[in-house]
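Engineer: PDB, C-alpha atoms, saved as input.pdb, coming up:
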ATOM      1  CA  MET J1189      41.002 -14.235  24.400
ATOM      2  CA  ARG J1190      40.788 -15.775  20.929
ATOM      3  CA  LYS J1191      37.639 -17.675  21.907
ATOM      4  CA  LEU J1192      36.046 -14.475  23.162
ATOM      5  CA  LEU J1193      36.945 -12.667  19.949
ATOM      6  CA  SER J1194      35.556 -15.539  17.841
ATOM      7  CA  ILE J1195      32.330 -15.554  19.822
ATOM      8  CA  LEU J1196      31.987 -11.789  19.433
ATOM      9  CA  VAL J1197      32.522 -12.030  15.670
ATOM     10  CA  ILE J1198      29.915 -14.788  15.375
ATOM     11  CA  LEU J1199      27.444 -12.790  17.470
ATOM     12  CA  ALA J1200      28.085  -9.689  15.357
ATOM     13  CA  VAL J1201      27.386 -11.640  12.161
ATOM     14  CA  VAL J1202      24.204 -13.158  13.591
ATOM     15  CA  PHE J1203      23.049  -9.807  14.970
ATOM     16  CA  SER J1204      23.737  -7.907  11.735
ATOM     17  CA  SER J1205      21.935 -10.495   9.618
ATOM     18  CA  GLY J1206      18.888 -10.181  11.920
ATOM     19  CA  CYS J1207      15.684 -10.834   9.978
ATOM     20  CA  SER J1208      17.456 -11.007   6.665
ATOM     21  CA  SER J1209      17.495 -13.752   4.056
ATOM     22  CA  ASN J1210      19.828 -15.037   1.377
ATOM     23  CA  THR J1211      17.247 -14.431  -1.352
ATOM     24  CA  LEU J1212      14.412 -11.993  -1.889
ATOM     25  CA  GLN J1213      12.033 -14.946  -2.283
ATOM     26  CA  ASP J1214      13.052 -16.224   1.182
ATOM     27  CA  ALA J1215      12.605 -12.748   2.711
ATOM     28  CA  ILE J1216       9.043 -12.486   1.346
ATOM     29  CA  SER J1217       8.142 -16.107   2.142
ATOM     30  CA  GLY J1218       9.407 -15.653   5.711
ATOM     31  CA  SER J1219       7.260 -12.546   6.223
ATOM     32  CA  GLU J1220       3.529 -12.413   6.962
ATOM     33  CA  TYR J1221       2.978 -12.601   3.182
ATOM     34  CA  GLY J1222       4.178 -16.197   3.070
ATOM     35  CA  LYS J1223       1.806 -17.326   5.785
ATOM     36  CA  TYR J1224      -1.017 -18.549   3.510
ATOM     37  CA  GLU J1225       0.627 -19.140   0.124
ATOM     38  CA  LYS J1226       4.120 -19.179  -1.325
ATOM     39  CA  PRO J1227       4.474 -15.700  -2.878
ATOM     40  CA  GLU J1228       5.329 -15.433  -6.566
ATOM     41  CA  ILE J1229       7.602 -12.516  -7.422
ATOM     42  CA  LEU J1230       6.202 -10.676 -10.444
ATOM     43  CA  TYR J1231       8.736  -7.818 -10.511
ATOM     44  CA  HIS J1232      11.750  -6.657  -8.546
ATOM     45  CA  ASP J1233      14.425  -4.009  -8.969
ATOM     46  CA  ASP J1234      17.515  -4.180  -6.747
ATOM     47  CA  GLU J1235      18.564  -0.652  -7.743
ATOM     48  CA  VAL J1236      15.530   1.010  -6.166
ATOM     49  CA  GLY J1237      14.451  -1.830  -3.853
ATOM     50  CA  VAL J1238      10.911  -2.385  -5.142
ATOM     51  CA  VAL J1239       9.222  -5.780  -5.320
ATOM     52  CA  ILE J1240       5.751  -6.760  -6.536
ATOM     53  CA  PHE J1241       4.450 -10.235  -5.802
ATOM     54  CA  LEU J1242       1.316 -12.368  -5.853
ATOM     55  CA  THR J1243       0.163 -14.270  -2.770
ATOM     56  CA  LYS J1244      -2.995 -14.988  -0.743
ATOM     57  CA  ASN J1245      -4.388 -13.188   2.278
ATOM     58  CA  ASP J1246      -5.995 -14.642   5.422
ATOM     59  CA  THR J1247      -9.370 -15.031   3.677
ATOM     60  CA  GLY J1248      -7.874 -17.023   0.791
ATOM     61  CA  ASN J1249      -8.129 -14.222  -1.775
ATOM     62  CA  PHE J1250      -5.263 -13.552  -4.159
ATOM     63  CA  ILE J1251      -3.523 -10.247  -3.534
ATOM     64  CA  ILE J1252      -0.851  -8.371  -5.416
ATOM     65  CA  CYS J1253       1.510  -6.594  -3.065
ATOM     66  CA  ARG J1254       4.023  -3.836  -3.563
ATOM     67  CA  SER J1255       6.775  -3.679  -0.983
ATOM     68  CA  SER J1256      10.294  -2.393  -0.630
ATOM     69  CA  TYR J1257      13.513  -4.056   0.433
ATOM     70  CA  GLU J1258      17.218  -3.495   0.754
ATOM     71  CA  LYS J1259      20.374  -5.520   0.960
ATOM     72  CA  ASN J1260      22.262  -5.203   4.227
ATOM     73  CA  SER J1261      26.043  -5.069   4.602
ATOM     74  CA  LEU J1262      26.197  -8.867   4.276
ATOM     75  CA  GLN J1263      24.307  -8.718   0.943
ATOM     76  CA  ARG J1264      21.259 -10.324   2.546
ATOM     77  CA  TYR J1265      17.702  -9.204   1.762
ATOM     78  CA  VAL J1266      15.646  -7.315   4.330
ATOM     79  CA  LEU J1267      11.964  -6.705   3.527
ATOM     80  CA  ASP J1268      10.596  -3.325   4.663
ATOM     81  CA  THR J1269       6.832  -3.642   5.127
ATOM     82  CA  ASP J1270       6.216  -0.145   6.549
ATOM     83  CA  ASP J1271       4.863   1.329   3.287
ATOM     84  CA  ASP J1272       3.389  -1.808   1.718
ATOM     85  CA  TYR J1273       0.355  -1.659  -0.491
ATOM     86  CA  SER J1274      -1.796  -4.580  -1.591
ATOM     87  CA  ILE J1275      -4.832  -5.026  -3.764
ATOM     88  CA  VAL J1276      -7.195  -8.007  -3.987
ATOM     89  CA  VAL J1277      -7.311  -9.465  -7.505
ATOM     90  CA  ASP J1278      -9.681 -12.010  -8.988
ATOM     91  CA  ILE J1279      -7.439 -14.306 -11.023
ATOM     92  CA  GLY J1280     -10.441 -15.925 -12.744
ATOM     93  CA  LYS J1281     -11.903 -12.662 -14.035
ATOM     94  CA  LYS J1282      -8.549 -11.121 -14.862
ATOM     95  CA  SER J1283      -8.213  -7.388 -14.459
ATOM     96  CA  GLU J1284      -6.035  -4.357 -15.007
ATOM     97  CA  PHE J1285      -5.092  -1.641 -12.559
ATOM     98  CA  ILE J1286      -2.672   1.224 -12.149
ATOM     99  CA  GLN J1287      -1.477   2.774  -8.902
ATOM    100  CA  LEU J1288       0.616   5.792  -7.913
ATOM    101  CA  ASP J1289       2.544   5.157  -4.684
ATOM    102  CA  THR J1290       5.123   6.847  -2.540
ATOM    103  CA  ILE J1291       7.530   4.560  -0.710
ATOM    104  CA  GLY J1292       9.306   5.997   2.308
ATOM    105  CA  ASN J1293       7.039   9.017   2.614
ATOM    106  CA  ASN J1294       8.554   9.887   5.995
ATOM    107  CA  THR J1295      12.180   9.623   4.832
ATOM    108  CA  GLU J1296      14.600  12.120   3.320
ATOM    109  CA  SER J1297      14.335  10.556  -0.125
ATOM    110  CA  PRO J1298      10.870   9.125  -0.816
ATOM    111  CA  LEU J1299      10.452   7.045  -3.959
ATOM    112  CA  ASN J1300       7.458   7.773  -6.201
ATOM    113  CA  ILE J1301       6.372   4.998  -8.551
ATOM    114  CA  VAL J1302       3.584   4.239 -10.984
ATOM    115  CA  TRP J1303       2.868   0.524 -11.108
ATOM    116  CA  GLY J1304       0.139  -1.878 -12.011
ATOM    117  CA  GLY J1305      -0.915  -5.034 -13.736
ATOM    118  CA  VAL J1306      -2.639  -5.952 -16.982
ATOM    119  CA  PHE J1307      -4.067  -9.471 -16.821
ATOM    120  CA  HIS J1308      -7.018  -9.356 -19.233
ATOM    121  CA  TYR J1309      -5.204  -8.516 -22.476
ATOM    122  CA  PRO J1310      -2.643 -11.181 -23.447
ATOM    123  CA  GLY J1311      -1.367  -9.032 -26.348
ATOM    124  CA  ALA J1312      -0.658  -6.048 -24.083
ATOM    125  CA  LYS J1313       2.967  -4.916 -24.213
ATOM    126  CA  GLN J1314       2.961  -1.273 -23.052
ATOM    127  CA  ILE J1315       1.160   1.214 -20.847
ATOM    128  CA  ALA J1316       0.941   4.861 -21.863
ATOM    129  CA  TYR J1317      -0.056   6.901 -18.826
ATOM    130  CA  GLU J1318      -0.555  10.528 -17.876
ATOM    131  CA  ILE J1319      -0.739  12.153 -14.459
ATOM    132  CA  HIS J1320      -2.637  15.433 -14.225
ATOM    133  CA  SER J1321      -2.863  17.941 -11.400
ATOM    134  CA  GLY J1322      -5.950  19.991 -12.156
ATOM    135  CA  ASN J1323      -5.760  20.804 -15.862
ATOM    136  CA  GLU J1324      -1.970  20.549 -16.002
ATOM    137  CA  MET J1325      -0.257  17.352 -17.177
ATOM    138  CA  ILE J1326       2.731  16.765 -14.889
ATOM    139  CA  VAL J1327       3.946  13.322 -16.012
ATOM    140  CA  GLU J1328       3.539  11.395 -19.248
ATOM    141  CA  ASN J1329       5.363   8.164 -20.045
ATOM    142  CA  LEU J1330       5.316   4.866 -21.909
ATOM    143  CA  VAL J1331       6.225   1.765 -19.853
ATOM    144  CA  GLU J1332       6.850  -1.837 -20.922
ATOM    145  CA  ILE J1333       4.758  -4.613 -19.390
ATOM    146  CA  ASN J1334       6.910  -7.557 -18.275
ATOM    147  CA  LYS J1335       6.280 -11.269 -18.929
ATOM    148  CA  LYS J1336       4.402 -11.566 -15.621
ATOM    149  CA  HIS J1337       1.965  -8.823 -16.761
ATOM    150  CA  VAL J1338       3.104  -6.031 -14.421
ATOM    151  CA  PHE J1339       4.845  -2.711 -14.983
ATOM    152  CA  VAL J1340       6.710  -0.223 -12.809
ATOM    153  CA  ASP J1341       7.925   3.292 -13.539
ATOM    154  CA  VAL J1342      10.052   5.211 -11.039
ATOM    155  CA  LEU J1343       9.234   8.918 -11.126
ATOM    156  CA  SER J1344      11.942  11.541 -10.807
ATOM    157  CA  GLU J1345       9.632  14.050  -9.135
ATOM    158  CA  GLU J1346       7.024  14.072  -6.404
ATOM    159  CA  VAL J1347       3.382  14.193  -7.446
ATOM    160  CA  ALA J1348       0.910  16.506  -5.732
ATOM    161  CA  GLU J1349      -1.658  14.953  -3.439
ATOM    162  CA  THR J1350      -4.521  15.815  -5.787
ATOM    163  CA  PHE J1351      -4.013  14.177  -9.132
ATOM    164  CA  SER J1352      -5.796  12.178 -11.784
ATOM    165  CA  LEU J1353      -4.306   9.237 -13.607
ATOM    166  CA  THR J1354      -5.251   8.033 -17.089
ATOM    167  CA  PHE J1355      -3.745   5.173 -19.068
ATOM    168  CA  ASP J1356      -3.919   3.223 -22.309
ATOM    169  CA  VAL J1357      -3.088  -0.471 -22.599
ATOM    170  CA  MET J1358      -1.338  -0.990 -25.934
ATOM    171  CA  ASP J1359      -0.075  -3.885 -28.041
ATOM    172  CA  LYS J1360       3.438  -4.051 -29.567
ATOM    173  CA  GLU J1361       2.313  -2.019 -32.624
ATOM    174  CA  GLY J1362       0.932   0.768 -30.418
ATOM    175  CA  ASN J1363      -2.741  -0.087 -30.955
ATOM    176  CA  ILE J1364      -4.889   0.780 -27.948
ATOM    177  CA  LEU J1365      -6.516  -2.311 -26.441
ATOM    178  CA  TYR J1366      -8.103  -0.561 -23.450
ATOM    179  CA  SER J1367      -8.362   3.054 -22.258
ATOM    180  CA  TYR J1368      -9.003   4.340 -18.765
ATOM    181  CA  ASN J1369      -9.803   8.045 -18.591
TER     182      ASN J1369
END
Could you rewrite the structure in this file as structure tokens?

Structural biologist:
Amino acid sequence: MRKLLSILVILAVVFSSGCSSNTLQDAISGSEYGKYEKPEILYHDDEVGVVIFLTKNDTGNFIICRSSYEKNSLQRYVLDTDDDYSIVVDIGKKSEFIQLDTIGNNTESPLNIVWGGVFHYPGAKQIAYEIHSGNEMIVENLVEINKKHVFVDVLSEEVAETFSLTFDVMDKEGNILYSYN
């Protein structure tokens, strides 16, 4: 009876860990994103379960991906690729981009984020962005750019399907280095 109980406990642990990993890096590397290049995590937030990383796609191009993840009951990382978004980036030319995404659109509590990367301006420290719906400004915020040149802002409200997004790339003194309107 003890052997049976031990076997059941071991099977339960193996079953509950499923496709999980000890680290977020292992979870991403073990997914389809680690197939062509070891992904480099540029940003992650365990509180909301958002990760942004750099890797290569099947054609050898660099891509920046936004995905979500969670920790299971065993504190192991599980990558959720259902709502992933990726963008091809040219590392040699350097670029900047901003994106508004909804993660878990078909769930009870979708997560709306503004995220992006600023790779052309080494002195860039902040992004000032505005989201407009028609002529009405619905969100305005200032976000810090991390050491890996990306930024993420979690929105407290849902944004309408029709919107426009403008942003300024700024240095630490607040001087505008680049404007996108």

Engineer: Evaluate the PyMOL selection byres ((chain J and resi 1220) around 12) here and jot the selected residues down as a PyMOL selection string.

Structural biologist: chain J and resi 1214-1219+1221-1227+1243-1246+1253+1267-1269+1272

Engineer: Provide the CA of Glu1328 (chain J) to CA of Val1276 (chain J) distance in Å, to one decimal place.

Structural biologist: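 Taking CA of Glu1328 (chain J) as the start and CA of Val1276 (chain J) as the end point, the length is 26.9 Å.
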
Engineer: For Thr1290 (chain J), which residue out of J:Gln1213, J:Ser1344, J:Asn1260, J:Thr1354 is the nearest one, using all atoms listed in the file?

Structural biologist: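 Checking each of J:Gln1213, J:Ser1344, J:Asn1260, J:Thr1354 against Thr1290 (chain J), counting all atoms listed in the file, the winner is J:Ser1344.
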
Engineer: Box time for region 1218-1225 of chain J: axis-aligned, enclosing all its listed atoms, 6 Å extra on each side; report centre and edge lengths in Å to one decimal, as lines of an AutoDock Vina configuration file.

Structural biologist:
center_x = 4.2
center_y = -15.8
center_z = 3.5
size_x = 22.4
size_y = 18.7
size_z = 18.8

Engineer: In Å, with one decimal, what is the gap from CA of Asp1270 (chain J) to CA of Asp1234 (chain J)?

Structural biologist: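 According to the coordinates, CA of Asp1270 (chain J) and CA of Asp1234 (chain J) are separated by 17.9 Å.
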
Engineer: Which residues of region 1318-1364 of chain J come within 8 Å of region 1292-1314 of chain J, and for each one, what is the closest pair of atoms and their distance in Å to one decimal, counting only C-alpha atoms, sorted by chain and residue number, as JSON lines?

Structural biologist:
{"residue": "J:Leu1330", "atom": "CA", "partner": "J:Gln1314", "partner_atom": "CA", "distance": 6.7}
{"residue": "J:Val1331", "atom": "CA", "partner": "J:Gln1314", "partner_atom": "CA", "distance": 5.5}
{"residue": "J:Glu1332", "atom": "CA", "partner": "J:Gln1314", "partner_atom": "CA", "distance": 4.5}
{"residue": "J:Ile1333", "atom": "CA", "partner": "J:Lys1313", "partner_atom": "CA", "distance": 5.2}
{"residue": "J:Asn1334", "atom": "CA", "partner": "J:Lys1313", "partner_atom": "CA", "distance": 7.6}
{"residue": "J:His1337", "atom": "CA", "partner": "J:Val1306", "partner_atom": "CA", "distance": 5.4}
{"residue": "J:Val1338", "atom": "CA", "partner": "J:Gly1305", "partner_atom": "CA", "distance": 4.2}
{"residue": "J:Phe1339", "atom": "CA", "partner": "J:Trp1303", "partner_atom": "CA", "distance": 5.4}
{"residue": "J:Val1340", "atom": "CA", "partner": "J:Trp1303", "partner_atom": "CA", "distance": 4.3}
{"residue": "J:Asp1341", "atom": "CA", "partner": "J:Val1302", "partner_atom": "CA", "distance": 5.1}
{"residue": "J:Val1342", "atom": "CA", "partner": "J:Ile1301", "partner_atom": "CA", "distance": 4.4}
{"residue": "J:Leu1343", "atom": "CA", "partner": "J:Asn1300", "partner_atom": "CA", "distance": 5.4}
{"residue": "J:Ser1344", "atom": "CA", "partner": "J:Asn1300", "partner_atom": "CA", "distance": 7.5}
{"residue": "J:Glu1345", "atom": "CA", "partner": "J:Asn1300", "partner_atom": "CA", "distance": 7.3}
{"residue": "J:Glu1346", "atom": "CA", "partner": "J:Asn1300", "partner_atom": "CA", "distance": 6.3}
{"residue": "J:Val1347", "atom": "CA", "partner": "J:Asn1300", "partner_atom": "CA", "distance": 7.7}
{"residue": "J:Val1357", "atom": "CA", "partner": "J:Gln1314", "partner_atom": "CA", "distance": 6.1}
{"residue": "J:Met1358", "atom": "CA", "partner": "J:Gln1314", "partner_atom": "CA", "distance": 5.2}
{"residue": "J:Asp1359", "atom": "CA", "partner": "J:Ala1312", "partner_atom": "CA", "distance": 4.5}
{"residue": "J:Lys1360", "atom": "CA", "partner": "J:Lys1313", "partner_atom": "CA", "distance": 5.4}
{"residue": "J:Gly1362", "atom": "CA", "partner": "J:Gln1314", "partner_atom": "CA", "distance": 7.9}

Engineer: Please report the interatomic distance between CA of Thr1247 (chain J) and CA of Ile1279 (chain J) in Å with one decimal.

Structural biologist: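 Going from CA of Thr1247 (chain J) over to CA of Ile1279 (chain J), I get 14.8 Å.
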
Engineer: Evaluated on this file, the PyMOL selection byres ((chain J and resi 1233) around 12) picks out some residues - which ones are they, written as a list of chain:residue names?

Structural biologist: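 Answer for the PyMOL selection byres ((chain J and resi 1233) around 12): J:Leu1212, J:Ile1229, J:Leu1230, J:Tyr1231, J:His1232, J:Asp1234, J:Glu1235, J:Val1236, J:Gly1237, J:Val1238, J:Val1239, J:Ile1240, J:Arg1254, J:Ser1255, J:Ser1256, J:Tyr1257, J:Glu1258, J:Lys1259, J:Phe1339, J:Val1340, J:Asp1341, J:Val1342.
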
Engineer: Check which residues satisfy the PyMOL selection byres ((chain J and resi 1322) around 12) in the file shown, then give them as a PyMOL selection string.

Structural biologist: chain J and resi 1319-1321+1323-1326+1347-1353

Engineer: For each of J:Gln1263, J:Asn1329, J:Ser1367, J:Ser1208, take the minimum atom-to-atom distance to Glu1284 (chain J), counting all atoms listed in the file, then give the residue where this is smallest.

Structural biologist: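 The answer is J:Ser1367, which sits nearest to Glu1284 (chain J).
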
Engineer: Given only C-alpha atoms as the basis, pick out the residue of J:Ala1316, J:Ile1252, J:Val1327, J:Ile1275 nearest to Leu1365 (chain J).

Structural biologist: J:Ala1316

Engineer: I need the residue nearest Asp1289 (chain J) from this list: J:Asp1271, J:Glu1228, J:Asp1356, J:Glu1361. Use all atoms listed in the file for the distance.

Structural biologist: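 Ranked by minimum distance to Asp1289 (chain J), first place goes to J:Asp1271.
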
Engineer: Will you model N, CA and C atoms for region 1326-1353 of chain J and pass it back as a compact mmCIF listing (two decimals), keeping the file's coordinate frame?

Structural biologist:
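Final output, saved to selection-v6.txt:
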# COMPACT_ATOMS: atom_id res chain seq x y z
N ILE J 1326 1.43 16.66 -15.56
CA ILE J 1326 2.73 16.76 -14.89
C ILE J 1326 3.67 15.61 -15.22
N VAL J 1327 3.12 14.46 -15.61
CA VAL J 1327 3.95 13.32 -16.01
C VAL J 1327 3.25 12.60 -17.15
N GLU J 1328 4.04 12.20 -18.14
CA GLU J 1328 3.54 11.40 -19.25
C GLU J 1328 4.65 10.42 -19.61
N ASN J 1329 4.32 9.13 -19.73
CA ASN J 1329 5.36 8.16 -20.05
C ASN J 1329 4.76 6.91 -20.67
N LEU J 1330 5.64 6.14 -21.31
CA LEU J 1330 5.32 4.87 -21.91
C LEU J 1330 6.17 3.82 -21.21
N VAL J 1331 5.54 2.77 -20.66
CA VAL J 1331 6.22 1.76 -19.85
C VAL J 1331 5.96 0.38 -20.43
N GLU J 1332 6.99 -0.45 -20.45
CA GLU J 1332 6.85 -1.84 -20.92
C GLU J 1332 6.19 -2.70 -19.84
N ILE J 1333 5.37 -3.63 -20.28
CA ILE J 1333 4.76 -4.61 -19.39
C ILE J 1333 5.64 -5.86 -19.43
N ASN J 1334 6.01 -6.40 -18.27
CA ASN J 1334 6.91 -7.56 -18.27
C ASN J 1334 6.15 -8.86 -18.56
N LYS J 1335 6.87 -9.96 -18.60
CA LYS J 1335 6.28 -11.27 -18.93
C LYS J 1335 5.27 -11.74 -17.89
N LYS J 1336 5.34 -11.19 -16.68
CA LYS J 1336 4.40 -11.57 -15.62
C LYS J 1336 3.23 -10.59 -15.56
N HIS J 1337 3.10 -9.72 -16.57
CA HIS J 1337 1.96 -8.82 -16.76
C HIS J 1337 1.92 -7.63 -15.82
N VAL J 1338 3.06 -7.22 -15.27
CA VAL J 1338 3.10 -6.03 -14.42
C VAL J 1338 4.08 -5.02 -15.01
N PHE J 1339 3.96 -3.79 -14.54
CA PHE J 1339 4.84 -2.71 -14.98
C PHE J 1339 5.15 -1.80 -13.81
N VAL J 1340 6.30 -1.16 -13.85
CA VAL J 1340 6.71 -0.22 -12.81
C VAL J 1340 7.46 0.90 -13.48
N ASP J 1341 7.19 2.13 -13.07
CA ASP J 1341 7.92 3.29 -13.54
C ASP J 1341 8.29 4.14 -12.33
N VAL J 1342 9.57 4.39 -12.15
CA VAL J 1342 10.05 5.21 -11.04
C VAL J 1342 10.04 6.66 -11.51
N LEU J 1343 9.35 7.51 -10.76
CA LEU J 1343 9.23 8.92 -11.13
C LEU J 1343 10.39 9.72 -10.54
N SER J 1344 10.83 10.71 -11.27
CA SER J 1344 11.94 11.54 -10.81
C SER J 1344 11.47 12.69 -9.94
N GLU J 1345 10.16 12.94 -9.91
CA GLU J 1345 9.63 14.05 -9.14
C GLU J 1345 8.44 13.60 -8.30
N GLU J 1346 8.16 14.36 -7.26
CA GLU J 1346 7.02 14.07 -6.40
C GLU J 1346 5.74 14.55 -7.08
N VAL J 1347 4.67 13.84 -6.87
CA VAL J 1347 3.38 14.19 -7.45
C VAL J 1347 2.51 14.78 -6.35
N ALA J 1348 1.79 15.85 -6.69
CA ALA J 1348 0.91 16.51 -5.73
C ALA J 1348 -0.14 15.53 -5.21
N GLU J 1349 -0.67 15.85 -4.05
CA GLU J 1349 -1.66 14.95 -3.44
C GLU J 1349 -2.94 14.83 -4.25
N THR J 1350 -3.33 15.89 -4.95
CA THR J 1350 -4.52 15.82 -5.79
C THR J 1350 -4.07 15.63 -7.23
N PHE J 1351 -4.43 14.49 -7.78
CA PHE J 1351 -4.01 14.18 -9.13
C PHE J 1351 -5.05 13.26 -9.76
N SER J 1352 -5.00 13.17 -11.07
CA SER J 1352 -5.80 12.18 -11.78
C SER J 1352 -4.84 11.39 -12.67
N LEU J 1353 -5.18 10.15 -12.88
CA LEU J 1353 -4.31 9.24 -13.61
C LEU J 1353 -5.11 8.58 -14.72
